[in-house]
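This is protein-v6.csv. It holds CSV, C-alpha atoms (C1' of nucleotides) and all ligand atoms.
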chain,number,residue,atom,x,y,z
A,127,MET,CA,0.0,0.0,0.0
A,128,ASN,CA,1.3,3.4,-0.9
A,129,GLN,CA,1.7,5.7,2.1
A,130,PRO,CA,2.4,9.4,1.7
A,131,ARG,CA,6.1,8.4,2.1
A,132,ASP,CA,5.9,6.2,-0.9
A,133,ILE,CA,4.3,8.9,-3.0
A,134,VAL,CA,6.9,11.3,-1.8
A,135,LYS,CA,9.6,8.9,-2.8
A,136,LYS,CA,8.1,8.4,-6.3
A,137,LEU,CA,7.9,12.2,-6.8
A,138,THR,CA,11.6,12.8,-5.9
A,139,GLU,CA,12.7,9.8,-7.9
A,140,HIS,CA,11.1,11.4,-11.0
A,141,GLY,CA,12.7,14.7,-10.3
A,142,TYR,CA,9.6,16.5,-9.0
A,143,ARG,CA,10.0,19.0,-6.2
A,144,LEU,CA,8.6,18.5,-2.8
A,145,THR,CA,6.5,21.6,-2.1
A,146,PRO,CA,4.4,22.0,1.0
A,147,GLN,CA,1.4,22.3,-1.2
A,148,ARG,CA,2.0,18.8,-2.8
A,149,LEU,CA,2.7,17.2,0.6
A,150,MET,CA,-0.6,18.5,2.0
A,151,ILE,CA,-2.6,17.5,-1.1
A,152,VAL,CA,-1.1,14.0,-0.9
A,153,SER,CA,-1.9,13.7,2.8
A,154,ALA,CA,-5.5,14.8,2.1
A,155,ILE,CA,-5.9,12.1,-0.5
A,156,GLU,CA,-4.3,9.4,1.6
A,157,ASP,CA,-6.4,10.3,4.7
A,158,SER,CA,-9.6,10.1,2.7
A,159,ASP,CA,-12.0,7.2,2.3
A,160,GLY,CA,-10.7,6.9,-1.3
A,161,HIS,CA,-13.4,8.8,-3.1
A,162,ILE,CA,-12.4,12.4,-2.5
A,163,SER,CA,-13.1,15.4,-4.8
A,164,ALA,CA,-10.8,18.3,-5.7
A,165,GLU,CA,-13.0,20.7,-3.8
A,166,GLU,CA,-12.8,18.5,-0.7
A,167,ILE,CA,-9.0,18.2,-1.0
A,168,TYR,CA,-8.8,22.0,-1.4
A,169,ALA,CA,-11.0,22.6,1.7
A,170,GLN,CA,-8.6,20.4,3.8
A,171,VAL,CA,-5.5,22.1,2.5
A,172,ILE,CA,-6.6,25.7,3.0
A,173,ALA,CA,-7.7,24.9,6.5
A,174,LYS,CA,-3.9,24.8,7.3
A,175,TYR,CA,-2.5,26.8,4.5
A,176,PRO,CA,-5.0,29.4,3.4
A,177,GLN,CA,-3.2,31.0,0.5
A,178,VAL,CA,-3.0,27.8,-1.6
A,179,ASN,CA,-4.9,28.0,-4.9
A,180,ILE,CA,-7.3,25.4,-6.2
A,181,SER,CA,-5.4,25.3,-9.5
A,182,THR,CA,-2.5,23.9,-7.6
A,183,VAL,CA,-4.8,21.1,-6.4
A,184,TYR,CA,-5.8,20.3,-9.9
A,185,ARG,CA,-2.3,20.4,-11.2
A,186,THR,CA,-1.0,18.1,-8.5
A,187,LEU,CA,-3.9,15.7,-9.2
A,188,GLU,CA,-2.9,15.7,-12.9
A,189,LEU,CA,0.7,14.9,-11.9
A,190,LEU,CA,-0.3,12.1,-9.5
A,191,LYS,CA,-2.5,10.6,-12.2
A,192,LYS,CA,0.4,10.7,-14.7
A,193,LEU,CA,2.6,8.9,-12.2
A,194,GLY,CA,-0.1,6.3,-11.6
A,195,LEU,CA,-0.5,7.2,-8.0
A,196,VAL,CA,-4.1,8.2,-8.1
A,197,THR,CA,-7.1,7.3,-10.3
A,198,GLU,CA,-9.8,9.6,-11.4
A,199,THR,CA,-13.4,8.4,-11.6
A,200,ASP,CA,-16.6,10.1,-12.7
A,201,PHE,CA,-19.6,8.9,-10.8
A,202,GLY,CA,-21.9,11.2,-12.7
A,203,GLU,CA,-22.2,13.8,-10.0
A,204,GLY,CA,-20.8,16.7,-12.0
A,205,ARG,CA,-17.4,16.4,-10.3
A,206,VAL,CA,-14.8,13.8,-10.4
A,207,ARG,CA,-13.4,11.8,-7.5
A,208,TYR,CA,-9.9,10.6,-6.8
A,209,HIS,CA,-8.6,7.4,-5.3
A,210,PRO,CA,-5.1,6.6,-4.1
A,211,ALA,CA,-3.8,3.7,-6.2
A,212,GLY,CA,-2.2,2.3,-3.1
A,213,LYS,CA,-5.5,1.6,-1.4
A,214,GLY,CA,-6.3,-1.3,-3.7
A,215,HIS,CA,-8.3,-1.5,-6.9
A,216,HIS,CA,-12.0,-2.1,-7.4
A,217,HIS,CA,-14.8,-0.7,-9.5
A,218,HIS,CA,-18.4,0.5,-9.1
A,219,LEU,CA,-21.8,-0.2,-10.8
A,220,VAL,CA,-23.8,3.0,-10.8
A,221,CYS,CA,-27.6,2.9,-11.4
A,222,GLN,CA,-28.7,5.8,-13.5
A,223,GLU,CA,-32.3,5.4,-12.3
A,224,CYS,CA,-32.0,5.2,-8.5
A,225,GLY,CA,-28.4,6.3,-7.9
A,226,ALA,CA,-27.5,3.0,-6.1
A,227,ILE,CA,-23.7,2.3,-6.2
A,228,VAL,CA,-22.5,-1.3,-5.9
A,229,ASP,CA,-18.8,-2.3,-5.5
A,230,LEU,CA,-17.3,-4.6,-8.0
A,231,ASP,CA,-14.1,-6.7,-7.6
A,232,GLU,CA,-11.2,-5.8,-9.7
A,233,SER,CA,-11.1,-9.4,-11.2
A,234,VAL,CA,-14.3,-8.8,-13.2
A,235,LEU,CA,-12.3,-6.6,-15.6
A,236,VAL,CA,-9.4,-8.9,-16.0
A,237,PRO,CA,-10.7,-10.9,-19.0
A,238,LEU,CA,-11.4,-7.6,-20.9
A,239,LYS,CA,-7.9,-6.3,-20.1
A,240,ASN,CA,-6.4,-9.6,-21.4
A,241,VAL,CA,-8.4,-9.5,-24.6
A,242,LEU,CA,-7.4,-6.0,-25.4
A,243,LEU,CA,-3.7,-6.8,-24.7
A,244,ARG,CA,-3.7,-10.0,-26.7
A,245,GLU,CA,-5.8,-8.8,-29.7
A,246,TYR,CA,-4.7,-5.2,-29.9
A,247,GLY,CA,-1.5,-5.0,-27.9
A,248,PHE,CA,-3.3,-2.3,-25.9
A,249,SER,CA,-2.5,-1.9,-22.2
A,250,ALA,CA,-5.8,-0.6,-20.9
A,251,ASP,CA,-5.8,1.5,-17.8
A,252,LEU,CA,-8.9,0.0,-16.2
A,253,ARG,CA,-8.5,0.8,-12.5
A,254,HIS,CA,-11.4,2.2,-10.5
A,255,LEU,CA,-14.1,2.4,-13.1
A,256,ALA,CA,-17.7,3.6,-12.7
A,257,ILE,CA,-19.9,1.6,-15.0
A,258,PHE,CA,-23.4,3.1,-15.6
A,259,GLY,CA,-26.6,1.2,-16.2
A,260,ARG,CA,-29.6,-0.1,-14.3
A,261,CYS,CA,-29.6,-2.1,-11.1
A,262,VAL,CA,-31.8,-5.2,-10.6
A,263,LYS,CA,-34.6,-3.3,-8.9
A,264,CYS,CA,-34.8,-0.6,-11.6
A,265,SER,CA,-34.7,-3.1,-14.5
A,266,GLN,CA,-38.2,-4.5,-13.9
B,229,MET,CA,-30.9,2.7,-38.2
B,230,ASN,CA,-32.6,5.7,-36.5
B,231,GLN,CA,-33.3,8.5,-39.0
B,232,PRO,CA,-34.4,11.9,-37.7
B,233,ARG,CA,-37.9,10.7,-38.4
B,234,ASP,CA,-37.5,7.9,-35.9
B,235,ILE,CA,-36.1,10.2,-33.2
B,236,VAL,CA,-39.0,12.6,-33.8
B,237,LYS,CA,-41.4,9.7,-33.4
B,238,LYS,CA,-39.8,8.6,-30.1
B,239,LEU,CA,-40.0,12.2,-28.8
B,240,THR,CA,-43.7,12.6,-29.6
B,241,GLU,CA,-44.4,9.1,-28.3
B,242,HIS,CA,-42.9,10.1,-25.0
B,243,GLY,CA,-44.9,13.3,-24.9
B,244,TYR,CA,-42.1,15.7,-25.7
B,245,ARG,CA,-42.8,18.7,-27.9
B,246,LEU,CA,-41.4,19.1,-31.3
B,247,THR,CA,-39.7,22.5,-31.3
B,248,PRO,CA,-37.7,23.8,-34.3
B,249,GLN,CA,-34.7,23.9,-32.0
B,250,ARG,CA,-34.9,20.2,-31.2
B,251,LEU,CA,-35.5,19.3,-34.9
B,252,MET,CA,-32.4,21.2,-35.9
B,253,ILE,CA,-30.3,19.7,-33.2
B,254,VAL,CA,-31.4,16.2,-34.1
B,255,SER,CA,-30.6,16.8,-37.8
B,256,ALA,CA,-27.1,18.1,-36.9
B,257,ILE,CA,-26.3,15.0,-34.9
B,258,GLU,CA,-27.7,12.7,-37.6
B,259,ASP,CA,-25.8,14.5,-40.4
B,260,SER,CA,-22.5,14.2,-38.5
B,261,ASP,CA,-19.9,11.5,-38.7
B,262,GLY,CA,-21.0,10.2,-35.4
B,263,HIS,CA,-18.5,12.0,-33.1
B,264,ILE,CA,-19.9,15.5,-32.9
B,265,SER,CA,-19.4,18.0,-30.0
B,266,ALA,CA,-22.0,20.3,-28.5
B,267,GLU,CA,-20.2,23.3,-29.8
B,268,GLU,CA,-20.2,21.8,-33.3
B,269,ILE,CA,-23.9,21.1,-33.1
B,270,TYR,CA,-24.5,24.7,-31.9
B,271,ALA,CA,-22.5,26.2,-34.8
B,272,GLN,CA,-24.6,24.3,-37.3
B,273,VAL,CA,-27.9,25.3,-35.6
B,274,ILE,CA,-27.2,29.0,-35.3
B,275,ALA,CA,-26.1,29.2,-39.0
B,276,LYS,CA,-29.9,28.8,-39.8
B,277,TYR,CA,-31.5,30.0,-36.5
B,278,PRO,CA,-29.1,32.5,-34.9
B,279,GLN,CA,-31.1,33.2,-31.7
B,280,VAL,CA,-30.8,29.6,-30.4
B,281,ASN,CA,-29.0,29.3,-27.1
B,282,ILE,CA,-26.3,26.8,-26.4
B,283,SER,CA,-28.0,25.7,-23.2
B,284,THR,CA,-30.9,24.4,-25.4
B,285,VAL,CA,-28.3,22.3,-27.2
B,286,TYR,CA,-27.1,20.8,-23.9
B,287,ARG,CA,-30.6,20.3,-22.6
B,288,THR,CA,-31.7,18.5,-25.8
B,289,LEU,CA,-28.6,16.3,-25.7
B,290,GLU,CA,-29.5,15.4,-22.1
B,291,LEU,CA,-33.0,14.4,-23.2
B,292,LEU,CA,-31.7,12.4,-26.2
B,293,LYS,CA,-29.4,10.6,-23.9
B,294,LYS,CA,-32.2,9.8,-21.4
B,295,LEU,CA,-34.2,8.3,-24.3
B,296,GLY,CA,-31.3,6.3,-25.4
B,297,LEU,CA,-31.1,8.0,-28.8
B,298,VAL,CA,-27.5,9.3,-28.5
B,299,THR,CA,-24.5,8.2,-26.5
B,300,GLU,CA,-22.0,10.6,-24.9
B,301,THR,CA,-18.3,9.7,-25.0
B,302,ASP,CA,-15.3,11.5,-23.4
B,303,PHE,CA,-12.2,11.1,-25.6
B,304,GLY,CA,-10.2,13.1,-23.1
B,305,GLU,CA,-10.2,16.3,-25.2
B,306,GLY,CA,-11.8,18.5,-22.6
B,307,ARG,CA,-15.2,18.2,-24.3
B,308,VAL,CA,-17.5,15.4,-24.9
B,309,ARG,CA,-18.8,13.9,-28.2
B,310,TYR,CA,-22.2,12.6,-29.2
B,311,HIS,CA,-23.1,9.6,-31.3
B,312,PRO,CA,-26.6,8.8,-32.7
B,313,ALA,CA,-27.5,5.4,-31.3
B,314,GLY,CA,-29.0,4.5,-34.7
B,315,LYS,CA,-25.6,4.6,-36.4
B,316,GLY,CA,-24.5,1.3,-34.8
B,317,HIS,CA,-22.4,0.6,-31.8
B,318,HIS,CA,-18.6,0.3,-31.4
B,319,HIS,CA,-15.9,1.5,-29.0
B,320,HIS,CA,-12.5,3.1,-29.1
B,321,LEU,CA,-9.1,2.5,-27.6
B,322,VAL,CA,-7.4,5.8,-26.8
B,323,CYS,CA,-3.6,5.9,-26.3
B,324,GLN,CA,-2.8,8.4,-23.5
B,325,GLU,CA,0.8,8.7,-24.7
B,326,CYS,CA,0.5,9.4,-28.5
B,327,GLY,CA,-3.2,10.1,-28.8
B,328,ALA,CA,-3.8,7.3,-31.3
B,329,ILE,CA,-7.4,6.1,-31.4
B,330,VAL,CA,-8.3,2.6,-32.6
B,331,ASP,CA,-11.8,1.3,-33.2
B,332,LEU,CA,-13.1,-1.7,-31.3
B,333,ASP,CA,-16.0,-3.9,-32.2
B,334,GLU,CA,-19.0,-3.9,-30.0
B,335,SER,CA,-18.6,-7.7,-29.4
B,336,VAL,CA,-15.5,-7.2,-27.3
B,337,LEU,CA,-17.7,-5.8,-24.5
B,338,VAL,CA,-20.4,-8.5,-24.6
B,339,PRO,CA,-18.7,-11.0,-22.1
B,340,LEU,CA,-18.4,-8.2,-19.5
B,341,LYS,CA,-22.0,-7.1,-20.1
B,342,ASN,CA,-23.1,-10.7,-19.6
B,343,VAL,CA,-21.1,-11.2,-16.4
B,344,LEU,CA,-22.6,-8.0,-14.9
B,345,LEU,CA,-26.1,-9.1,-15.8
B,346,ARG,CA,-25.7,-12.7,-14.5
B,347,GLU,CA,-23.8,-12.0,-11.4
B,348,TYR,CA,-25.2,-8.6,-10.3
B,349,GLY,CA,-28.5,-8.3,-12.3
B,350,PHE,CA,-27.0,-5.1,-13.6
B,351,SER,CA,-27.8,-3.9,-17.1
B,352,ALA,CA,-24.7,-2.0,-18.1
B,353,ASP,CA,-25.0,0.7,-20.6
B,354,LEU,CA,-21.8,0.1,-22.4
B,355,ARG,CA,-22.3,1.6,-25.8
B,356,HIS,CA,-19.6,3.7,-27.5
B,357,LEU,CA,-16.9,3.6,-24.8
B,358,ALA,CA,-13.5,5.3,-24.9
B,359,ILE,CA,-11.0,3.0,-23.1
B,360,PHE,CA,-7.8,4.8,-22.1
B,361,GLY,CA,-4.4,3.2,-22.0
B,362,ARG,CA,-1.2,2.6,-24.0
B,363,CYS,CA,-1.1,1.4,-27.6
B,364,VAL,CA,1.4,-1.2,-28.8
B,365,LYS,CA,4.0,1.4,-30.0
B,366,CYS,CA,3.9,3.3,-26.8
B,367,SER,CA,4.2,0.2,-24.5
B,368,GLN,CA,7.8,-0.5,-25.4
C,36,DA,C1',25.8,29.5,3.4
C,37,DG,C1',25.1,31.8,-1.2
C,38,DG,C1',24.0,31.7,-6.1
C,39,DT,C1',21.6,29.8,-10.1
C,40,DA,C1',18.4,27.5,-13.1
C,41,DT,C1',14.1,26.0,-13.6
C,42,DA,C1',10.1,23.8,-11.6
C,43,DT,C1',6.2,25.3,-9.3
C,44,DT,C1',2.8,28.5,-7.7
C,45,DG,C1',-0.9,32.1,-7.4
C,46,DC,C1',-3.7,34.8,-10.0
C,47,DA,C1',-6.8,36.0,-13.4
C,48,DA,C1',-9.1,34.8,-17.4
C,49,DG,C1',-11.1,31.4,-20.1
C,50,DC,C1',-13.6,27.1,-21.5
C,51,DT,C1',-17.2,23.6,-21.1
C,52,DT,C1',-21.4,22.5,-19.0
C,53,DT,C1',-25.3,23.3,-15.7
C,54,DT,C1',-29.0,25.7,-13.5
C,55,DG,C1',-32.7,29.2,-11.8
C,56,DC,C1',-36.0,32.0,-13.5
C,57,DA,C1',-39.1,34.7,-16.2
C,58,DA,C1',-40.9,34.9,-20.9
C,59,DT,C1',-42.4,32.2,-24.7
C,60,DT,C1',-44.5,28.5,-27.3
C,61,DA,C1',-46.4,23.9,-28.5
C,62,DC,C1',-50.2,21.3,-28.1
C,63,DA,C1',-54.7,19.8,-26.5
C,64,DA,C1',-59.3,21.0,-25.4
C,65,DC,C1',-63.0,23.6,-26.5
D,72,DG,C1',-59.7,29.6,-34.4
D,73,DT,C1',-59.2,30.8,-29.4
D,74,DT,C1',-57.8,29.7,-25.0
D,75,DG,C1',-55.3,27.5,-21.2
D,76,DT,C1',-51.6,25.1,-19.3
D,77,DA,C1',-47.5,23.1,-18.9
D,78,DA,C1',-43.2,22.2,-21.4
D,79,DT,C1',-39.6,24.6,-23.4
D,80,DT,C1',-36.5,28.3,-24.3
D,81,DG,C1',-33.2,32.3,-23.7
D,82,DC,C1',-30.6,34.7,-20.7
D,83,DA,C1',-27.5,35.4,-17.0
D,84,DA,C1',-25.0,33.5,-13.5
D,85,DA,C1',-22.5,29.8,-11.6
D,86,DA,C1',-20.0,25.5,-11.1
D,87,DG,C1',-16.0,22.6,-12.3
D,88,DC,C1',-11.9,22.5,-14.4
D,89,DT,C1',-7.8,24.4,-17.4
D,90,DT,C1',-4.3,27.6,-18.9
D,91,DG,C1',-0.9,31.7,-19.7
D,92,DC,C1',2.1,34.3,-17.4
D,93,DA,C1',4.8,36.7,-14.1
D,94,DA,C1',6.5,36.0,-9.4
D,95,DT,C1',8.3,32.7,-6.2
D,96,DA,C1',10.7,28.8,-4.2
D,97,DT,C1',13.1,24.3,-4.5
D,98,DA,C1',17.0,21.6,-5.3
D,99,DC,C1',21.5,21.6,-7.0
D,100,DC,C1',26.2,23.3,-7.5
D,101,DT,C1',29.9,25.7,-5.5
E,1,ZN,ZN,-14.1,3.1,-5.4
E,2,ZN,ZN,-31.5,1.4,-9.5
E,3,ZN,ZN,-17.1,6.0,-32.2
E,4,ZN,ZN,0.4,5.4,-28.4
The structure in this file should be written as structure tokens.
Amino acid sequence: MNQPRDIVKKLTEHGYRLTPQRLMIVSAIEDSDGHISAEEIYAQVIAKYPQVNISTVYRTLELLKKLGLVTETDFGEGRVRYHPAGKGHHHHLVCQECGAIVDLDESVLVPLKNVLLREYGFSADLRHLAIFGRCVKCSQ
Amino acid sequence: MNQPRDIVKKLTEHGYRLTPQRLMIVSAIEDSDGHISAEEIYAQVIAKYPQVNISTVYRTLELLKKLGLVTETDFGEGRVRYHPAGKGHHHHLVCQECGAIVDLDESVLVPLKNVLLREYGFSADLRHLAIFGRCVKCSQ
DNA sequence: AGGTATATTGCAAGCTTTTGCAATTACAAC
DNA sequence: GTTGTAATTGCAAAAGCTTGCAATATACCT
């Protein structure tokens, strides 16, 4: 599991600077339940460091995504949520009718990943998906 | 294949009004290559009907989505693209490294759809996906 | 410790999409 | 055809996210 320490290590390894802003943003993500929004990260950061700008939050999230340290998932709420890669992978089924969200084990996507790799040589980044549709109740 | 006429039929069947704005928006989508953005639809509409507002375009797209007449796909461009459901289903593999986009037959997603239905009773709406990752060339 | 290069930040402006509200319009009923 | 009613629209503002640029700060070198 990635702890802030590991993320910090990966940042320095890649030549990125350790700024107080980045450290606080990383901590906010790691301390979350794993489905945190940019605005929620921002709120936590400015509580301790009020002059930080939200564009720094977005730029840091983009960097962490690029390094594979966080995933970005759209649950259809009008804002996107972030998950630290170190907290384990899974997916979600989102009912567009009633809003119910069911968790899905990572293994369900493995066959698709394999087909894409075998038949297209394509390494699909399928971590922490939100799959939309209709749940059992709403399909009647 | 849905023609504008079929979309019009479905709108009236469901009790929605046929406004000139809606008719022009539907035509723009049907006349497109199947990957049209809201801004592009808007440009076509105001060429003939200059007082139309772009929020009407977005509201109409939301309605057509709800009725299953168009799909919405994010290719990672910072804007979303729309596809008329009547033009047939397929998916895309999008390389995050070089930007290459490969088409994918609809059948590749069928096993996943079936597993979700069998094991979770969930009817996944997996039409016209953009799957991100790395293409063969960029995986070396 | 001090100096330097350049990565990073804050700020302001911009882009895409959504939303509240009052004015308008489609459609049904007469 | 007129009227009534509710759906739809245009407008303006706002929400979420991105970007250009000048100012700042980190990490490296001495
Ligand atoms: Zn999750
Ligand atoms: Zn449901
Ligand atoms: Zn397509
Ligand atoms: Zn590529």
Least-squares superposed chain B, target chain A, every Cα, as a compact mmCIF listing (two decimals) with C-alpha atoms, keeping the file's coordinate frame:
# COMPACT_ATOMS: atom_id res chain seq x y z
CA MET B 229 -0.03 -0.05 -0.03
CA ASN B 230 1.33 3.43 -0.98
CA GLN B 231 1.74 5.64 2.10
CA PRO B 232 2.45 9.35 1.63
CA ARG B 233 6.07 8.40 2.10
CA ASP B 234 5.96 6.22 -0.98
CA ILE B 235 4.29 8.91 -3.11
CA VAL B 236 6.92 11.41 -1.93
CA LYS B 237 9.62 8.95 -2.94
CA LYS B 238 8.12 8.46 -6.43
CA LEU B 239 7.92 12.26 -6.87
CA THR B 240 11.56 12.86 -5.94
CA GLU B 241 12.63 9.85 -7.98
CA HIS B 242 11.01 11.40 -11.00
CA GLY B 243 12.65 14.74 -10.34
CA TYR B 244 9.61 16.58 -9.06
CA ARG B 245 9.99 19.06 -6.23
CA LEU B 246 8.58 18.52 -2.85
CA THR B 247 6.52 21.63 -2.11
CA PRO B 248 4.42 21.99 1.07
CA GLN B 249 1.41 22.29 -1.20
CA ARG B 250 2.00 18.91 -2.81
CA LEU B 251 2.72 17.26 0.60
CA MET B 252 -0.56 18.54 1.95
CA ILE B 253 -2.50 17.48 -1.06
CA VAL B 254 -1.02 14.01 -0.96
CA SER B 255 -1.86 13.66 2.77
CA ALA B 256 -5.48 14.75 2.12
CA ILE B 257 -5.96 12.12 -0.54
CA GLU B 258 -4.30 9.43 1.59
CA ASP B 259 -6.36 10.33 4.69
CA SER B 260 -9.62 10.12 2.72
CA ASP B 261 -11.91 7.18 2.25
CA GLY B 262 -10.70 6.79 -1.24
CA HIS B 263 -13.40 8.78 -3.11
CA ILE B 264 -12.39 12.37 -2.49
CA SER B 265 -13.18 15.39 -4.76
CA ALA B 266 -10.85 18.24 -5.65
CA GLU B 267 -12.96 20.65 -3.74
CA GLU B 268 -12.77 18.41 -0.67
CA ILE B 269 -9.02 18.17 -0.95
CA TYR B 270 -8.82 21.99 -1.30
CA ALA B 271 -10.95 22.57 1.83
CA GLN B 272 -8.64 20.39 3.87
CA VAL B 273 -5.48 22.10 2.50
CA ILE B 274 -6.58 25.67 3.04
CA ALA B 275 -7.67 24.91 6.67
CA LYS B 276 -3.84 24.75 7.42
CA TYR B 277 -2.40 26.83 4.51
CA PRO B 278 -5.07 29.35 3.47
CA GLN B 279 -3.18 30.97 0.55
CA VAL B 280 -3.10 27.75 -1.54
CA ASN B 281 -4.88 28.02 -4.85
CA ILE B 282 -7.30 25.47 -6.15
CA SER B 283 -5.51 25.31 -9.48
CA THR B 284 -2.47 23.87 -7.58
CA VAL B 285 -4.82 21.15 -6.35
CA TYR B 286 -5.87 20.31 -9.93
CA ARG B 287 -2.34 20.50 -11.24
CA THR B 288 -1.03 18.15 -8.51
CA LEU B 289 -3.88 15.71 -9.17
CA GLU B 290 -2.91 15.75 -12.86
CA LEU B 291 0.69 14.91 -11.95
CA LEU B 292 -0.37 12.16 -9.51
CA LYS B 293 -2.48 10.69 -12.20
CA LYS B 294 0.38 10.78 -14.76
CA LEU B 295 2.55 8.89 -12.24
CA GLY B 296 -0.11 6.39 -11.68
CA LEU B 297 -0.47 7.24 -7.98
CA VAL B 298 -4.19 8.18 -8.04
CA THR B 299 -7.07 7.25 -10.29
CA GLU B 300 -9.82 9.67 -11.35
CA THR B 301 -13.40 8.38 -11.53
CA ASP B 302 -16.59 10.16 -12.73
CA PHE B 303 -19.62 8.94 -10.73
CA GLY B 304 -21.84 11.23 -12.75
CA GLU B 305 -22.17 13.85 -9.98
CA GLY B 306 -20.84 16.74 -11.98
CA ARG B 307 -17.41 16.43 -10.34
CA VAL B 308 -14.82 13.83 -10.35
CA ARG B 309 -13.34 11.77 -7.45
CA TYR B 310 -9.81 10.65 -6.71
CA HIS B 311 -8.58 7.36 -5.33
CA PRO B 312 -5.00 6.65 -4.08
CA ALA B 313 -3.75 3.77 -6.20
CA GLY B 314 -2.13 2.29 -3.07
CA LYS B 315 -5.51 1.63 -1.45
CA GLY B 316 -6.26 -1.32 -3.78
CA HIS B 317 -8.29 -1.54 -6.89
CA HIS B 318 -12.04 -2.14 -7.42
CA HIS B 319 -14.87 -0.73 -9.53
CA HIS B 320 -18.42 0.43 -9.13
CA LEU B 321 -21.75 -0.17 -10.79
CA VAL B 322 -23.80 3.02 -10.85
CA CYS B 323 -27.60 2.83 -11.38
CA GLN B 324 -28.68 5.80 -13.56
CA GLU B 325 -32.28 5.43 -12.38
CA CYS B 326 -32.04 5.27 -8.52
CA GLY B 327 -28.43 6.28 -8.00
CA ALA B 328 -27.51 3.07 -6.19
CA ILE B 329 -23.80 2.27 -6.30
CA VAL B 330 -22.52 -1.30 -5.91
CA ASP B 331 -18.90 -2.31 -5.56
CA LEU B 332 -17.29 -4.65 -8.07
CA ASP B 333 -14.16 -6.67 -7.64
CA GLU B 334 -11.20 -5.85 -9.73
CA SER B 335 -11.19 -9.43 -11.18
CA VAL B 336 -14.34 -8.80 -13.16
CA LEU B 337 -12.32 -6.58 -15.54
CA VAL B 338 -9.34 -8.92 -16.00
CA PRO B 339 -10.78 -10.96 -19.03
CA LEU B 340 -11.40 -7.69 -20.94
CA LYS B 341 -7.94 -6.37 -20.04
CA ASN B 342 -6.46 -9.63 -21.32
CA VAL B 343 -8.41 -9.60 -24.59
CA LEU B 344 -7.28 -6.00 -25.30
CA LEU B 345 -3.68 -6.89 -24.61
CA ARG B 346 -3.69 -10.13 -26.70
CA GLU B 347 -5.68 -8.95 -29.59
CA TYR B 348 -4.66 -5.26 -29.87
CA GLY B 349 -1.40 -5.07 -27.79
CA PHE B 350 -3.23 -2.43 -25.83
CA SER B 351 -2.54 -1.97 -22.13
CA ALA B 352 -5.82 -0.69 -20.78
CA ASP B 353 -5.80 1.38 -17.73
CA LEU B 354 -8.90 0.05 -16.17
CA ARG B 355 -8.54 0.78 -12.51
CA HIS B 356 -11.44 2.14 -10.43
CA LEU B 357 -14.14 2.37 -13.13
CA ALA B 358 -17.70 3.63 -12.71
CA ILE B 359 -19.95 1.54 -15.02
CA PHE B 360 -23.33 3.17 -15.65
CA GLY B 361 -26.54 1.28 -16.17
CA ARG B 362 -29.64 -0.10 -14.41
CA CYS B 363 -29.58 -2.09 -11.18
CA VAL B 364 -31.78 -5.15 -10.64
CA LYS B 365 -34.64 -3.19 -8.93
CA CYS B 366 -34.77 -0.61 -11.62
CA SER B 367 -34.74 -3.12 -14.56
CA GLN B 368 -38.24 -4.39 -13.91
Problem - chain C contacts to chain A at 12 Å (all atoms listed in the file) as a PyMOL selection string - result: chain C and resi 41-47+51-53
Write a file of the selected residues as a PDB file, in the frame of the given file, keeping C-alpha atoms (C1' of nucleotides).
ATOM      1  C1'  DT C  41      14.100  26.000 -13.600  1.00  0.00           C
ATOM      2  C1'  DA C  42      10.100  23.800 -11.600  1.00  0.00           C
ATOM      3  C1'  DT C  43       6.200  25.300  -9.300  1.00  0.00           C
ATOM      4  C1'  DT C  44       2.800  28.500  -7.700  1.00  0.00           C
ATOM      5  C1'  DG C  45      -0.900  32.100  -7.400  1.00  0.00           C
ATOM      6  C1'  DC C  46      -3.700  34.800 -10.000  1.00  0.00           C
ATOM      7  C1'  DA C  47      -6.800  36.000 -13.400  1.00  0.00           C
ATOM      8  C1'  DT C  51     -17.200  23.600 -21.100  1.00  0.00           C
ATOM      9  C1'  DT C  52     -21.400  22.500 -19.000  1.00  0.00           C
ATOM     10  C1'  DT C  53     -25.300  23.300 -15.700  1.00  0.00           C
TER      11       DT C  53
END
Exercise for the section: Could you give me, as an MDAnalysis selection string, every polymer residue with an atom at most 7 Å away from an atom of ligand ZN 2 (chain E), counting all atoms listed in the file? Expected result: chainID A and resid 221:226 260:264
Problem - Site check for ligand ZN 1 (chain E): residues at most 9 Å away, all atoms listed in the file, as a PyMOL selection string - result: chain A and resi 159-161+199+207-209+215-218+229-230+254-256
Problem - Test item: chain B residues at most 10 Å from chain A, counting all atoms listed in the file, as number ranges by chain - result: B: 294, 321-324, 330, 332, 336-340, 343-345, 348-354, 359-367
Completion exercise
Computed gap from CA of Thr186 in chain A to C1' of DA96 in chain D is 16.4 Å
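Proximity to chain B was assessed for D:DA93, D:DA86, D:DA77, D:DC100 counting all atoms listed in the file; the smallest distance is recorded for D:DA77.
For chain D, the residues within 10 Å of chain A are D:DA86, D:DG87, D:DC88, D:DT89, D:DT90, D:DA96, D:DT97, D:DA98, with all atoms listed in the file used to measure distance.
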